[in-house]
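Enquirer: The following block contains the structure, expressed as structure tokens.
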Amino acid sequence: MEDIKQYMKNVGQAARAASRIMAQADTATKNRALAEIAAALQNQSAQLIAENAKDVAAAQANGLDSASVDRLTLTEKTVRSMAEGLLQIAQLPDLIGAISDLSYRPSSIQVGRMRVPLGVIGIIYESRPNVTADAAGLCLKSGNAAILRGGSEALHSNQAIAACVHAGLRAAGLPETAVQVIATTDRAAVGELITMKDYVDVIVPRGGKSLIARISEEARIPVIKHLDGICHVYIDDEADLDKAIRIADNAKTHRYGVCNAMETLLVAQGVAAKVLPPLCKIYLDKNVELRGDVAARAIIAQMKTATEEDWRTEYLAPILAVRVVAGLDEAIEHINTYGSLHTDSIVTENYTRAMRFLREVDSSSVMVNASTRFADGFEYGLGAEIGISTDKIHARGPVGLEGLTSQKFIVLGSGQIRT
């Protein structure tokens, strides 16, 4: 344990020193590093896949489920996608040093704000080795240093990707310690990382609910996270029903195991008898299990009985809870009671109701006449994202480059003194 403590302290000290250099790096240097890392990934594709094969074989031998093995596996296509992602990050505007809201005060000083890096970002994640490249690229472009701790099942893959990242940093004249990938599988390293207040400025956990809950409970450093994605679509009684069916189908069945998939469908009682039969036929044809309240089951006999727990559940599976509500007020009350502050959508042609929904639903993404599946950094024009936050302080919703920065006040004077 003492060895882990010292190891993590050394990592933290190196990251803090590197963060000061990264904060000073100009745009051209950062973009060159991203391009060099992308080239290294492409050039080392065969080696990356060979190292990944060791992780995949071990995961299969240890009985890891097929979905997790799939997320773990690297192919030529995924390596190419990692490289392309870094080049896309290089094309994004550099926010660091940008000054906004500059205005004169009565004293004739100018007051504004400057965009600055957060400093050192610790990222803890599971299974997906591509996160190593994505996280490194986003932290690099935003002028931060990164400490990355991937899952033990991806150790060989992550270390191989880290070697490419370090080669790119070296080629651009930046410190290799700007991105450090923890080289031990000892879980004590996570406990140290989330409590190193002197060296780490923010923690970003990416993974299952149990991982994020543990980090949130034990961290002594600010955490950017979301625990659940209990997302809703509400079909209003003034909705275009064809539009509603397309949206509610896509929100649930486009992909099941993602945090922005709809888990509960709310339908106004005025249109429930019209919209539920064609919509639920689509779901049943796609083998989606339906769990409804009394009113919904009176319309669709194949529905199972929904329990109180169903309204609070993120299924991440072809299961959908369905409730018939009196109208907008009851829909908003349901969402604010059972939702997870992630993403919720209303389908309506009534402008006033749409605006009420936007104002009164307390979630990080609130939508009108659109699928919840759009809650994504790329779809929002952020270029890429480090994750999604349902917190209310600092970053909220998809966290892109701006979410990995902060602002400081700046004052421009010409000799003024306060009297």
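Following the order of the structure tokens, first chain is A, next is B, and so on, with residues numbered from 1 inside each chain and ligands from 1 in the order they appear.
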Need to verify the contact set: range 21-30 of chain A, 8 Å, only C-alpha atoms, exclusion of same-chain residues closer than 2 positions in sequence. Can you return it as a ChimeraX atom specification?
Expert: /A:17-19,32-34,90,94,116-117,119,140-141,143-145,172-175,178
Enquirer: Mind writing the picked residues with C-alpha atoms as a PDB file, in the first residue's frame?
Expert:
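The resulting out_14.pdb:
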ATOM      1  CA  ALA A  17       4.142  20.227 -13.124  1.00  0.00           C
ATOM      2  CA  ALA A  18       3.022  19.241 -16.632  1.00  0.00           C
ATOM      3  CA  SER A  19      -0.283  21.115 -16.238  1.00  0.00           C
ATOM      4  CA  ARG A  32       0.689  19.132 -33.702  1.00  0.00           C
ATOM      5  CA  ALA A  33       0.673  16.797 -30.694  1.00  0.00           C
ATOM      6  CA  LEU A  34      -2.819  15.590 -31.613  1.00  0.00           C
ATOM      7  CA  ALA A  90      -7.437  19.353 -33.505  1.00  0.00           C
ATOM      8  CA  ASP A  94      -8.932  26.581 -29.000  1.00  0.00           C
ATOM      9  CA  VAL A 116      -8.456  28.863 -18.607  1.00  0.00           C
ATOM     10  CA  PRO A 117      -7.754  25.126 -18.118  1.00  0.00           C
ATOM     11  CA  GLY A 119      -5.436  21.960 -14.379  1.00  0.00           C
ATOM     12  CA  LEU A 140      -4.576  18.062 -24.275  1.00  0.00           C
ATOM     13  CA  LYS A 141      -6.567  20.462 -26.483  1.00  0.00           C
ATOM     14  CA  GLY A 143      -4.651  22.778 -21.935  1.00  0.00           C
ATOM     15  CA  ASN A 144      -4.974  20.297 -19.075  1.00  0.00           C
ATOM     16  CA  ALA A 145      -2.837  17.445 -17.820  1.00  0.00           C
ATOM     17  CA  ALA A 172       5.460  18.242 -30.330  1.00  0.00           C
ATOM     18  CA  GLY A 173       7.889  19.217 -27.569  1.00  0.00           C
ATOM     19  CA  LEU A 174       5.368  18.718 -24.764  1.00  0.00           C
ATOM     20  CA  PRO A 175       5.989  16.704 -21.567  1.00  0.00           C
ATOM     21  CA  ALA A 178       0.888  15.646 -19.556  1.00  0.00           C
TER      22      ALA A 178
END
Enquirer: Using DSSP assignments from the backbone, pull out every residue in range 117-299 of chain A that falls under strand (DSSP E or B) and give it to me as a PyMOL selection string.
Expert: chain A and resi 117+120-125+145-149+179-181+202-206+223+231-235+262-268+289-292
Enquirer: Using only C-alpha atoms, which protein or nucleic acid residues come within 9 Å of range 8-13 of chain A? Drop anything in the same chain fewer than 5 positions from it, and give the result as a compact mmCIF listing (two decimals) with C-alpha atoms, in the first residue's frame.
Expert:
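So out_30.txt came out as:
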# COMPACT_ATOMS: atom_id res chain seq x y z
CA ASP A 3 4.24 1.65 -2.69
CA ALA A 18 3.02 19.24 -16.63
CA VAL A 120 -5.15 18.22 -13.71
CA ILE A 147 -4.23 11.07 -15.19
CA THR A 177 3.68 13.45 -18.17
CA GLN A 180 -0.23 9.52 -17.65
CA ILE A 182 -1.87 4.35 -14.44
CA ALA A 189 -4.68 3.47 -6.94
CA GLU A 192 -5.50 7.51 -3.91
CA LEU A 193 -6.37 9.33 -7.15
CA MET A 196 -5.18 13.73 -4.04
CA ASP A 198 -3.00 18.80 -3.86
CA TYR A 199 -2.46 17.40 -7.34
CA VAL A 200 -5.84 16.72 -8.99
Enquirer: If you take only C-alpha atoms and a cut-off of 7 Å, which residues of range 94-202 of chain A touch range 405-419 of chain A, and what are their nearest atom pairs and distances in Å to one decimal, in chain and number order, as a tab-separated table?
Expert:
residue	atom	partner	partner_atom	distance
A:Ile109	CA	A:Gly413	CA	4.8
A:Gln110	CA	A:Leu412	CA	4.9
A:Val111	CA	A:Val411	CA	4.7
A:Gly112	CA	A:Ile410	CA	5.3
A:Arg113	CA	A:Phe409	CA	4.4
A:Met114	CA	A:Gln407	CA	5.3
A:Arg115	CA	A:Gln407	CA	4.5
A:Val116	CA	A:Ser406	CA	5.4
A:Pro117	CA	A:Thr405	CA	4.4
A:Leu118	CA	A:Thr405	CA	5.0
A:Ser142	CA	A:Thr405	CA	6.7
Enquirer: Would you kindly return, as a CSV table (one decimal) with N, CA and C atoms, in the first residue's frame, each protein, DNA or RNA residue with an atom no farther than 6 Å from any atom of Ala239 in chain A, considering only C-alpha atoms and excluding same-chain residues fewer than 4 positions away?
Expert:
chain,number,residue,atom,x,y,z
A,347,VAL,N,-43.3,16.0,-27.0
A,347,VAL,CA,-43.8,16.1,-28.4
A,347,VAL,C,-45.1,16.9,-28.3
A,348,THR,N,-45.1,18.0,-28.9
A,348,THR,CA,-46.3,18.9,-28.9
A,348,THR,C,-46.3,19.9,-30.0
A,349,GLU,N,-47.4,20.4,-30.5
A,349,GLU,CA,-47.5,21.5,-31.4
A,349,GLU,C,-47.9,22.8,-30.7
Enquirer: At a cut-off of 12 Å, using only C-alpha atoms, what residues contact Thr253 in chain A? Leave out same-chain residues fewer than 5 positions from it and give the result as an MDAnalysis selection string.
Expert: chainID A and resid 245:248 258 260:263 279:280 282:289 316:320 371:373
Enquirer: DSSP says alpha helix (DSSP H) for which residues of range 172-395 of chain A? Put them as a count of residues only?
Expert: 70
